[in-house]
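Below you'll find the structure, written out as structure tokens, and then a few comments.
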Amino acid sequence: MRVTNSETLAVRSAAEVVSVRHAVRRCAVEMGLSLIEQTKIVTAASELARNMVDYGGGGLLHVETLDDGIRKGLRLIFEDRGPGIPDVQAAMRDGFTTGSGMGLGLGGAKRLSNEFELRTAPGEGTRVTIVRWKGAS
């Protein structure tokens, strides 16, 4: 698999969450994702960026366009150096929140993505990687 384009964005505030939405939508449009695919990846990115700001103290988003010869995709890697997620199983359940949100962020982002990977450890931060493939359901 080949990364054909990449960019990194700092995500430390609500205003930068908006910038994440715009950057992800631009990349999704440029690579020809359908409107539904665009909406799914932008919504997932927004949820994960908001979590990174609210719970991880901010961090970095790496946006990569992918080409594996047969298909094209958009990979988003969210990295923070926050406190980590002490109970991943609970955090993935809809309705679970340690803040004031609705608790749909991680589980919702997973459902909106074709691929989802979460790595976290208490005191070491969190890394969430999602991929949306063009033409995948």
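Chains: A, B, ... in order of the structure tokens. Residues: from 1 per chain. Ligands: from 1, in order shown.
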>> So that I can check the surroundings of Arg2 of chain A, please list as a ChimeraX atom specification every protein, DNA and RNA residue that reaches within 8 Å of it, counting only C-alpha atoms and ignoring chain neighbours fewer than 4 positions away.
In response: /A:66-68
Output C-alpha atoms for every residue in the selection just made, as a PDB file, in the first residue's frame.
ATOM      1  CA  LEU A  66      -3.823   5.621   0.182  1.00  0.00           C
ATOM      2  CA  ASP A  67      -3.534   3.612  -3.019  1.00  0.00           C
ATOM      3  CA  ASP A  68      -3.129  -0.153  -2.892  1.00  0.00           C
TER       4      ASP A  68
END
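Excluding segment 20-23 of chain A itself and any same-chain residue fewer than 2 positions from it, the protein and nucleic acid residues within 8 Å of it, counting only C-alpha atoms, are Leu9, Val11, Glu16, Val17, Val18, Arg25, Arg26, Cys27, Val42, Thr43, Ala45, Ser46 and Ala49 of chain A.
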>> Using only C-alpha atoms, can you tell me which of A:Ala136, A:Leu118, A:Ala90, A:Val131 comes closest to Val63 of chain A?
In response: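 Among the listed residues, A:Val131 lies closest to Val63 of chain A.
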Write out as a PDB file with C-alpha atoms, in the first residue's frame all residues of chain A that DSSP puts in alpha helix (DSSP H) for this structure's backbone.
ATOM      1  CA  ALA A  14     -12.563  23.677  19.179  1.00  0.00           C
ATOM      2  CA  ALA A  15     -11.535  25.986  16.329  1.00  0.00           C
ATOM      3  CA  GLU A  16      -8.979  23.418  15.181  1.00  0.00           C
ATOM      4  CA  VAL A  17     -11.662  20.700  15.278  1.00  0.00           C
ATOM      5  CA  VAL A  18     -13.467  22.781  12.643  1.00  0.00           C
ATOM      6  CA  SER A  19     -10.221  22.911  10.640  1.00  0.00           C
ATOM      7  CA  VAL A  20     -10.025  19.109  10.857  1.00  0.00           C
ATOM      8  CA  ARG A  21     -13.514  18.810   9.371  1.00  0.00           C
ATOM      9  CA  HIS A  22     -12.588  21.110   6.471  1.00  0.00           C
ATOM     10  CA  ALA A  23      -9.259  19.367   5.763  1.00  0.00           C
ATOM     11  CA  VAL A  24     -10.781  15.882   5.839  1.00  0.00           C
ATOM     12  CA  ARG A  25     -13.682  16.928   3.607  1.00  0.00           C
ATOM     13  CA  ARG A  26     -11.260  18.518   1.118  1.00  0.00           C
ATOM     14  CA  CYS A  27      -9.175  15.333   0.929  1.00  0.00           C
ATOM     15  CA  ALA A  28     -12.290  13.155   0.635  1.00  0.00           C
ATOM     16  CA  VAL A  29     -13.625  15.286  -2.236  1.00  0.00           C
ATOM     17  CA  GLU A  30     -10.235  15.353  -3.994  1.00  0.00           C
ATOM     18  CA  LEU A  35     -21.171  12.226  -0.567  1.00  0.00           C
ATOM     19  CA  ILE A  36     -22.158   9.464   1.882  1.00  0.00           C
ATOM     20  CA  GLU A  37     -18.516   8.353   2.255  1.00  0.00           C
ATOM     21  CA  GLN A  38     -17.466  11.984   2.768  1.00  0.00           C
ATOM     22  CA  THR A  39     -20.100  12.473   5.447  1.00  0.00           C
ATOM     23  CA  LYS A  40     -19.066   9.304   7.277  1.00  0.00           C
ATOM     24  CA  ILE A  41     -15.334  10.095   7.351  1.00  0.00           C
ATOM     25  CA  VAL A  42     -15.863  13.768   8.249  1.00  0.00           C
ATOM     26  CA  THR A  43     -18.255  12.848  11.068  1.00  0.00           C
ATOM     27  CA  ALA A  44     -15.846  10.235  12.437  1.00  0.00           C
ATOM     28  CA  ALA A  45     -12.960  12.715  12.213  1.00  0.00           C
ATOM     29  CA  SER A  46     -14.961  15.363  14.041  1.00  0.00           C
ATOM     30  CA  GLU A  47     -15.835  12.959  16.878  1.00  0.00           C
ATOM     31  CA  LEU A  48     -12.245  11.762  17.260  1.00  0.00           C
ATOM     32  CA  ALA A  49     -10.767  15.266  17.072  1.00  0.00           C
ATOM     33  CA  ARG A  50     -13.242  16.492  19.705  1.00  0.00           C
ATOM     34  CA  ASN A  51     -12.293  13.558  21.972  1.00  0.00           C
ATOM     35  CA  MET A  52      -8.619  14.363  21.468  1.00  0.00           C
ATOM     36  CA  VAL A  53      -9.166  17.972  22.558  1.00  0.00           C
ATOM     37  CA  ASP A  54     -11.589  17.215  25.412  1.00  0.00           C
ATOM     38  CA  TYR A  55      -9.878  14.165  26.920  1.00  0.00           C
ATOM     39  CA  GLY A  56      -6.342  14.001  25.531  1.00  0.00           C
ATOM     40  CA  VAL A  88     -11.387   0.620  26.368  1.00  0.00           C
ATOM     41  CA  GLN A  89     -14.287  -1.839  26.383  1.00  0.00           C
ATOM     42  CA  ALA A  90     -16.464   0.603  28.336  1.00  0.00           C
ATOM     43  CA  ALA A  91     -15.315   3.567  26.224  1.00  0.00           C
ATOM     44  CA  MET A  92     -16.421   1.803  23.038  1.00  0.00           C
ATOM     45  CA  GLY A 105     -17.495   9.219  19.790  1.00  0.00           C
ATOM     46  CA  LEU A 106     -15.382   6.043  19.699  1.00  0.00           C
ATOM     47  CA  GLY A 107     -18.127   3.547  18.874  1.00  0.00           C
ATOM     48  CA  GLY A 108     -19.644   5.903  16.329  1.00  0.00           C
ATOM     49  CA  ALA A 109     -16.282   6.536  14.676  1.00  0.00           C
ATOM     50  CA  LYS A 110     -15.732   2.784  14.425  1.00  0.00           C
ATOM     51  CA  ARG A 111     -19.117   2.231  12.751  1.00  0.00           C
TER      52      ARG A 111
END
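Here atom CA of Asp80 of chain A is placed at a distance of 18.3 Å from atom CA of Ser6 of chain A.
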>> When you look at segment 69-71 of chain A with a cut-off of 8 Å (counting only C-alpha atoms), what residues show up, excluding the ones that are within fewer than 6 positions of it in the same chain? I need them as a PyMOL selection string.
In response: chain A and resi 1+133-134
> So which residues touch Glu79 of chain A within 9 Å, counting only C-alpha atoms, skipping near sequence neighbours fewer than 6 positions away, as a VMD selection string?
Replying inline: chain A and resid 52 56 58 to 62 125 to 129
>> Set the distance at 6 Å and use only C-alpha atoms: which residues neighbour Thr65 of chain A once local chain neighbours fewer than 2 positions away are removed? I'd like the list as a list in words.
In response: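 The neighbour list is Val3, Thr4, Asn5, Gly73 and Leu74 of chain A.
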>> Here is a test: counting only C-alpha atoms, which residue of A:Pro122, A:Pro83, A:Gly57, A:Gly32 is nearest to Gly135 of chain A?
In response: A:Gly32
>> Just list as a PyMOL selection string whatever in chain A DSSP marks as strand (DSSP E or B).
In response: chain A and resi 2-11+59-67+72-80+115-121+125-133
> Looking at only C-alpha atoms, which of A:Ser13, A:Leu33, A:Gly123, A:Ser113 is the one that sits closest to Lys72 of chain A?
Replying inline: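 Of A:Ser13, A:Leu33, A:Gly123, A:Ser113, the one nearest Lys72 of chain A, counting only C-alpha atoms, is A:Leu33.
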